[in-house]
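Beneath this line is the structure, given in structure tokens, with notes to follow.
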Amino acid sequence: MAAAAATPTVFLLMVNGQIESAQFPEFDELYCKYCFAYGHDWAPTTGLEEGISQITSKNRDAQQALVWNFPIDITFKSTNPSGWPQIVVSVYGPDLFGNDVVRGYGAVHVPFTPGSHRRTIPMFVPESTSKLQKITSWLMGRHPEFTDPKVVAQGEGREGK
Amino acid sequence: MNSLLLQTIYHDFPVLGLPPVPSTSRTSFAEFSVRERMREKLKAARVRIFFFMQSEDESRQMQEDESQMSSRVKFRDSVKKLKQKSHVQTDFPSAEEAYNFFTFNFDLEPENMKDETKSKKKSESNQEEEEGKEQESIELLPPHPPHGEDCLVNDREDLFIMDQMACDFLVVKPADYKSYSERLQKEREILFTPSILTVPMSQKVPENMQPRYLEDEGLYTGERPIVSLSNQNILENRMLRQEWFGDDGKLLALPSPIKQSSTRPPIFSLEEGIEPELETLYRKAMKPMHANQYIVGSGDPQGQFQLDIDISGLIFTHHPCFSREHVLAAKLAQLYDQYLARRQQNLTKLLTDKLHALRNAVQSSLDNSGTNFKFIHIYIYRQTRRLRDAEQEKDRTLLKTIIKVWKEMKSLRDFQKFTNTPMKLYLRKEEVDQRSDKKIYEAEIQAEINELLEEYMEEYEKKMEEYKTELQEWKSWKKAQTKKKKKIKQSQDQEEEEAENSEYGEEPVKPIPPKLADSLEVEQQVREKAINIRRKPGEPVLIPELSLTESVTPNDLCPRAEVLRREDVKKRSVFLKILFNTKEVSRTITRQISSDFRVHFGQIFNLKIFNWPESLKLQIYETVGFSSTNLLAEMFIPVPETTVLTGRARTEEIEFSSNQRVMLDHEGVGSGVPFSFEADGSNKITLMTSGKVSNSVSWAIGENGVPLIPLVSQQKTGIPSALKNIDAVASIGTSGLTDMKKLAKWAAETKLDPNDPKNADLMQLIMVATSGDACVPGFFRLEQLQQEFNFALDEELNRSKRFQLLQLRHREVAEFRNYKQVPLLEREITEKLFENYEKRLHERDVIDSKDHLDAHRALVAKYLQKVRESVINRFLTAKHHFLLSDLVNEEEVPSLGNLGLSLFKLAEPKRPLKPRRKERKKVTAQKLSDGDINLLVNIIRAYDIPVRKPVLSKLQQPSRSSRSFNEMFAASPSPQSPTHSIDWTFNQVLVHPFVEVSFQRTVCRTTTAEGPNPNWNEELELPFRAPNGDYSTTSLQSVKDEVFINIFDEVLYDVLEDDCERGSGIHTRIERHWLGSVRIPFSTIYFQTRIDGTFKIDIPPVLLGYSKEKNLGNERGYDSVRSPSEGSYITVFITIEPQLIPGDPVREKFDTQEDEKLLQAAEKYQAECALKFPSRQCLTTVVDINGKTVFITRYIKPLNPPQELLNGHPNNSQAAAELVARYVSLIPFLPDSVSFAGICDLWSTSDQFLDLLAGDEEEHAVLLCNYFLSMGKKAWLIIGNSIPEGTTAYVLTWEQNQYVIWNPSNGRCYGQFDTFCPLQSVGCLISFDNIWFNIQQYDSPVRINFDISKPKFWKSFFSQSLPYPGLSSVQPEELIYQHIDKAAALELQGRIEKILKEKIMEWRPRHLTRWNRYCTSTLRHFLPLLEQFQGKAVEEDHQAELQKQLGDYRVSGFPIHMPFSEVKPLIEAVHSTGVHTIDVSNAEFALAVYVHAYPKNVLSVWIYIASLVRNR
């Protein structure tokens, strides 16, 4: 809550953390991207708004976690709690033929309370519209993707009709 | 025997806590081995020991048991001794008893005891159960001999111990054994075996009684159950001693018919265990839930109130079964009641006494004088006398009627010869002293006469006085009359008559003197009256006495009809229902109507009430015979006052009547039926059933003397709610009244006393009801809880600027659509933020002509704004709908052909060195931010740039001016005269052009090239910033910025003052001269993604100091249609980096009035076309200005152009066509894609277009096409792509065996083969009756065949399979044009000029702006010429003239031509030329404006702006 008299009053939201690990039992050699989706009244002041992690391999242990330990550090300023930032994570990895294929999208709100929080984001990918599409997309290595990963943090167009 | 004994012992002493001793049952006895038998014996012995030890207790117990037994088995002789013993029972046994006990042989009565125990067991089921258990345990024993042995061992040990301890107890006895016969004998002593012989009757029947056979007495007894005689006998014998025999000496096998109570009362045995679920529990009665809303003291324990209703009886004053006599009797009774009531009141006596008193008072007051007093007395006295007379008269008539009715009754009785009623009237005569009576009578009369006389005298005097005054008046009038008459007589005779006639009406009658009352007359009067109303003197006083002593004639003496009537009466019975709050609470017993039509109930009903009594009602029901009951009448009983308590309540009679019509066929008179007493049937009367119920209602008094009344205060002090309001209504006895309005009306009509405390509730209710506040709301609210969830009130939301801002942003109001960072604090929001928005809101209704200079245009602008807003609002919602493809990128399933092709490609030889064009990656808009997007402008080359003209000397000019315009028009350009001036030495080349591109205030320029056909080939990069940093598709679509490509000439001026310095240094100044510009809207670039082509540079018609090299224009060969394509061109390539994906058009189904089939066909057609040539435009349906889908051909219809335009060139159709095209192009251009950002094209009809005076290519094209059609040309609408507009509409005409393409937005026309034609591709052609889609290989107009008759080239929409249905046009029948308003144009001209001059001065804040008036006037004269020749080739002459007039000045300037829409574009245009930027200190300016008005308020504006620099 720091604001000079001249500039409008804002509050700051500092986000520190990391994308620790993932559970993708079927896939290996994955990397992830993250970005933030936020409302009109929010603006990042410092830090990286987007990031792409290294490729990681599965652990050899029973859990077979994919560990990235990819740091996140960003500060937002805002005037309105509405549109609280959401971190949007998308995970990619090579398929059988070596094409880069999206393996999951997911989003979660940045925690509302200070302190250390641990969040588990369920990941999902859009399905092909038909069986044939599925086969061809598998063959061609071009799976359906969201036009924008931030879609998963929005409601518009996902009304379910 | 032993075992048996053991068992019994065990059973008899369970209380002693003996351990269950295992013993064998009798049944298994025989099977036991000897050894076991031995063991048995041992056990028995052990038990014995116990037995002896406990002997004392045992004996006592035994006695008790025996005593019980004795009471049950009386008949047993064998135990008689024991019985006796029981009587002398003591705590300790006597010596004899003890002896008996020890010597007593128990073996004597085991059976007996067993019986007893058995009988006991029957009642004690649990004990029986124990026995059962024991039996089981016994049975279980044999299979476990080892266990038994263990026991035995233990037992032995025990025995040993016992031996050692008390061997004295041990008695060794031989085994008891009784012989069978002995046993039988003993048993016989004890046991009773009933014999099977029949029992003699004498034993069964009590002594000295005869058997009674009820059957013989006529009573039904029923059939006896079959029981064998022997069994019966056994039973009888067994039960001999019990009273089980009927009076007939037989066993009672059937319920006795003469027994009062039921023979089999339910048995509730406390001993017998009742099943838990059947057990009855006592629960205290609970109060029922108060269903009613009129609760009195709800939840209050004392809330039990009791109302006692005593209904004593019912009397019919009329009943259908009344005989005539009854009718009379009822009447008589009624009259008698009245008489009695009157006598009790004794008004006559009272009044007479009063009269006497008053008379005395008057007498005394006369003596005492005091006139006022006297008058009052006299007045009261007379009043009283009158009253007394009336009462006396009533008394007398009543008496007379009673007597009359009685007489009638008597005569009736005589007539019918029987008596029905016990009614009898006695008239008791009270003899009076005749003399005294007479005296009093006389005195009374005398007094009255005197009084009357006095009265009359008074009256006479009064009248006399009146008479006198009247007479006086009359006399005076008479005198006047006579005088008048005399006068009139003197006058004319004719008038006399009239005058007399008129006077007759007014003439007062001569007053008659009042008569003096005659005393005799008065006396006569008084006496007559006295006879009428008073008892005659000496006549005995008659006192009627009604008694019920008359004997009613018995039935057998009556005629048949009367007997029938009496029978009928007997059949009838009555009962009453009591309804409390309209609910029946109880009813009386049904009682017969007695012969005197009185019913006695005498029942008191105690109503325990919870609810406030609203109404108490009695209903009288009558039953006739066995038929159903019918409601006779209803009556309401008032709810008693709280002071009316039981015991104090008076019995009241409430009358009731029924309007039922009953006709009877016997003597009964019926009800509601006319009947007569007379023989001839005259004098009919009709009577209704009526009667009286005598009852009393009161509040009960509780046990402790507290009256069980609901507290009045409770009723009064309730909250003033609706609940109580209803109570108020209930208190007046009308329950269920809900219509408040009616109630209020009623209250108003009845004029309730508002001050009466009783009405207080009601008045309040009415007040509320009439004020209308308490009305049931006439609406239904769906989300009635919404208010609860609102976190702030609406007013608060409205007051807060922040909330307002947030709301506006949410609503996507244009100004705030992408507003970032709404301030956190209220005070940080400046008022300015809302200014624009509020201004817009405000201006929506106010037409501000200041900005527009033209009221009409202002109006149109407003209208357009409104249309825009409404359409945008409609589409804003649509924009939030997404398709799957918007969110998910998915590869299309490759078709087989594609698959094959790609497979084929795999086989292609690899050529890694051959570069392949790669499609740029498209970028979704969401990811972008400021600085990401650049606009790339590639300026390649330009053609035909105007070249500088050498400054000509004044002398050369005149020769030129002699040339006519026509000559100039047709002539080839004059060769450049090689004049050698100083300038010329500087400028070896004709022109030094460079290009400056400005976009969003960023300016970039190329290097300077040389010559009229420069080649730059430079790439300029301009950053793009989206409005508000919003890079969404919608936002990008609405970007209104334009890319300005300005071409300037860089001119070097030598500023050296004298030539001597020329050698040593160069001192020049660079000036830039604007040559022309190209504007490309950003939206076009955005939608086209790239713009690549050669554009015509907008060059003003006159560029002072410049001329064009015209050789090129002439070299172009196709001059059959005079090509106006001469001009300068520039080739540019513009694109956006990175490539943006343009937004899809809005997918929304619009309302339509088109035929569904047609729309389907259109869709199919479009789909087919798109499949073949996806890039070519195909339009079938468009959206009109109301947002409705309209088939496109409906827009094409011949429409008349303004007559003025046609008149201009009556013979030259070509010229007329050009003029029309020019007219159309003068209508301001307003692209839809900007106004309706990315939404869709809205097509307005031609009249709408002309009214709005704004539209885009489609409207222009449609209008132009329609004009051409009406001019008799063959014309089509071309839908295609052009540069720079993108998708656009052009007009195609067929003229002189050549297709001509018209650009409607600027009025230019091109031949089909004109390479500079901006139209790049042709999608489809549209006429008024068909659509043709281009299916040729190429779509460039140069390369296609426009012959639509060839189906190979053109695919038509309407064909043989789908014939043209004859669609009506949406266009008007005719266009109506207003006349040219020249005055307005002139005024506008002046205003524009003024504004522009002000602006120029404003733009030059640091310099003095001088206006050269002379030059201005020259320019002003020149402008109309330009308009006339449409800006063509008047240049030379004009320049010459200018040169002539302003020889001293170096003039640079040009006219700008624009269609007029608003002032702002004009200002912008002037500003963009940069004329005002001239830095020369002594520069002067000239500005002239010319507004040419065309019909329908289409205005062509010419602005001539020039800067003048005086030559040295």
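How things are named: the first chain in the structure tokens is A, the next is B, and so on; residues count from 1 in each chain; ligands count from 1 in the order shown.
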
Could you please select, counting only C-alpha atoms, the residues of chain B within 6 Å of chain A and state them as a VMD selection string?
-> chain B and resid 820 to 824 881 to 882 887 to 890 893

So that I have them on file, write out the residues from the current selection with C-alpha atoms, as a short mmCIF file (atom, residue, chain, number, x, y, z; two decimals), in the first residue's frame.
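Saved file result.cif follows:
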data_model
loop_
_atom_site.label_atom_id
_atom_site.label_comp_id
_atom_site.auth_asym_id
_atom_site.auth_seq_id
_atom_site.Cartn_x
_atom_site.Cartn_y
_atom_site.Cartn_z
CA LYS B 820 -7.77 0.90 -17.08
CA GLN B 821 -7.28 1.24 -13.42
CA VAL B 822 -10.38 2.75 -12.06
CA PRO B 823 -9.09 4.81 -9.15
CA LEU B 824 -9.42 3.32 -5.76
CA HIS B 881 -20.58 -15.00 -28.01
CA PHE B 882 -17.82 -17.24 -29.09
CA LEU B 887 -11.33 -20.48 -28.73
CA VAL B 888 -9.79 -23.62 -30.09
CA ASN B 889 -7.45 -23.93 -32.97
CA GLU B 890 -8.05 -27.18 -34.65
CA VAL B 893 -9.54 -32.70 -41.52
#

Nearest candidate to Ala65 of chain A (options A:Phe27, A:Phe36, A:Trp138, A:Tyr105; using only C-alpha atoms) |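 Closest to Ala65 of chain A, using only C-alpha atoms: A:Phe27.
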
One decimal, Å: what's the distance from atom CA of Val199 of chain B over to atom CA of Tyr213 of chain B, could you say?
-> 17.9 Å

Mind listing the strand (DSSP E or B) residues of segment 34-138 of chain A, per DSSP on the backbone, as number ranges by chain?
-> A: 34-37, 42-47, 51-52, 56, 58, 66-78, 86-94, 100-109, 124

Work out how far atom CA of Thr1293 of chain B is from atom CA of Lys1273 of chain B, in Å to one decimal.
->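 Atom CA of Lys1273 of chain B sits 6.8 Å away from atom CA of Thr1293 of chain B.
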
Find the residues around Ala1506 of chain B up to 12 Å (only C-alpha atoms counted), leave out those fewer than 2 positions away in its own chain, and share them as a ChimeraX atom specification.
-> /B:1073-1074,1102-1105,1397,1400,1410-1413,1415-1416,1418-1420,1442,1449-1456,1470,1473-1478,1483-1489,1503-1504,1508-1509

Name the closest residue to Arg527 of chain B among the candidates B:Gln446, B:Thr1287, B:Asn818, B:Thr1315; distances are taken between atoms, counting only C-alpha atoms.
->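 Between B:Gln446, B:Thr1287, B:Asn818, B:Thr1315, the residue approaching Arg527 of chain B most closely is B:Gln446.
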
Can you pull out every residue within 12 Å of Lys58 of chain A, counting only C-alpha atoms, but drop anything in the same chain fewer than 2 positions away, and send it as a PyMOL selection string?
-> chain A and resi 21-31+55-56+60-68

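Put simply, atom CA of Ser230 of chain B is 7.4 Å away from atom CA of Leu197 of chain B.
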
Excluding same-chain residues fewer than 4 positions from Glu50 of chain A, what lies within 10 Å of it counting only C-alpha atoms, as a list in words?
->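 Selected residues are Lys33, Tyr34, Cys35, Phe36, Ile72, Ile74, Ile87, Val88 and Val89 of chain A.
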
Pick from B:Pro909, B:Pro1495, B:Gly668, B:Pro993, whichever lies nearest to Arg1072 of chain B using only C-alpha atoms |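 Among the listed residues, the smallest separation from Arg1072 of chain B belongs to B:Pro993.
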
Among the residues of segment 450-625 of chain B, find those DSSP assigns to alpha helix (DSSP H) from the backbone and print them as JSON, numbers by chain.
-> {"B": [450, 451, 452, 453, 454, 455, 456, 457, 458, 459, 460, 461, 462, 463, 464, 465, 466, 467, 468, 469, 470, 471, 472, 473, 474, 475, 476, 477, 478, 479, 480, 481, 482, 483, 484, 485, 486, 487, 488, 489, 490, 493, 494, 495, 496, 497, 498, 499, 500, 501, 502, 503, 504, 505, 506, 519, 520, 521, 522, 523, 524, 525, 526, 527, 528, 529, 530, 531, 532, 533, 560, 561, 562, 563, 564, 565, 566, 567, 568, 569, 570, 571]}

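Every protein or nucleic acid residue with an atom no more than 10 Å from segment 396-405 of chain B, counting only C-alpha atoms and leaving out same-chain residues fewer than 4 positions away, appears here: Leu328, Ala329, Lys331, Leu332, Ala333, Gln334, Leu335, Tyr336, Gln338, Tyr339, Arg342, Ala390, Glu391, Gln392, Met409, Lys410, Ser411, Leu425, Tyr426, Leu427, Asn532, Ile533, Arg534, Arg535, Leu542, Ile543 and Pro544 of chain B.
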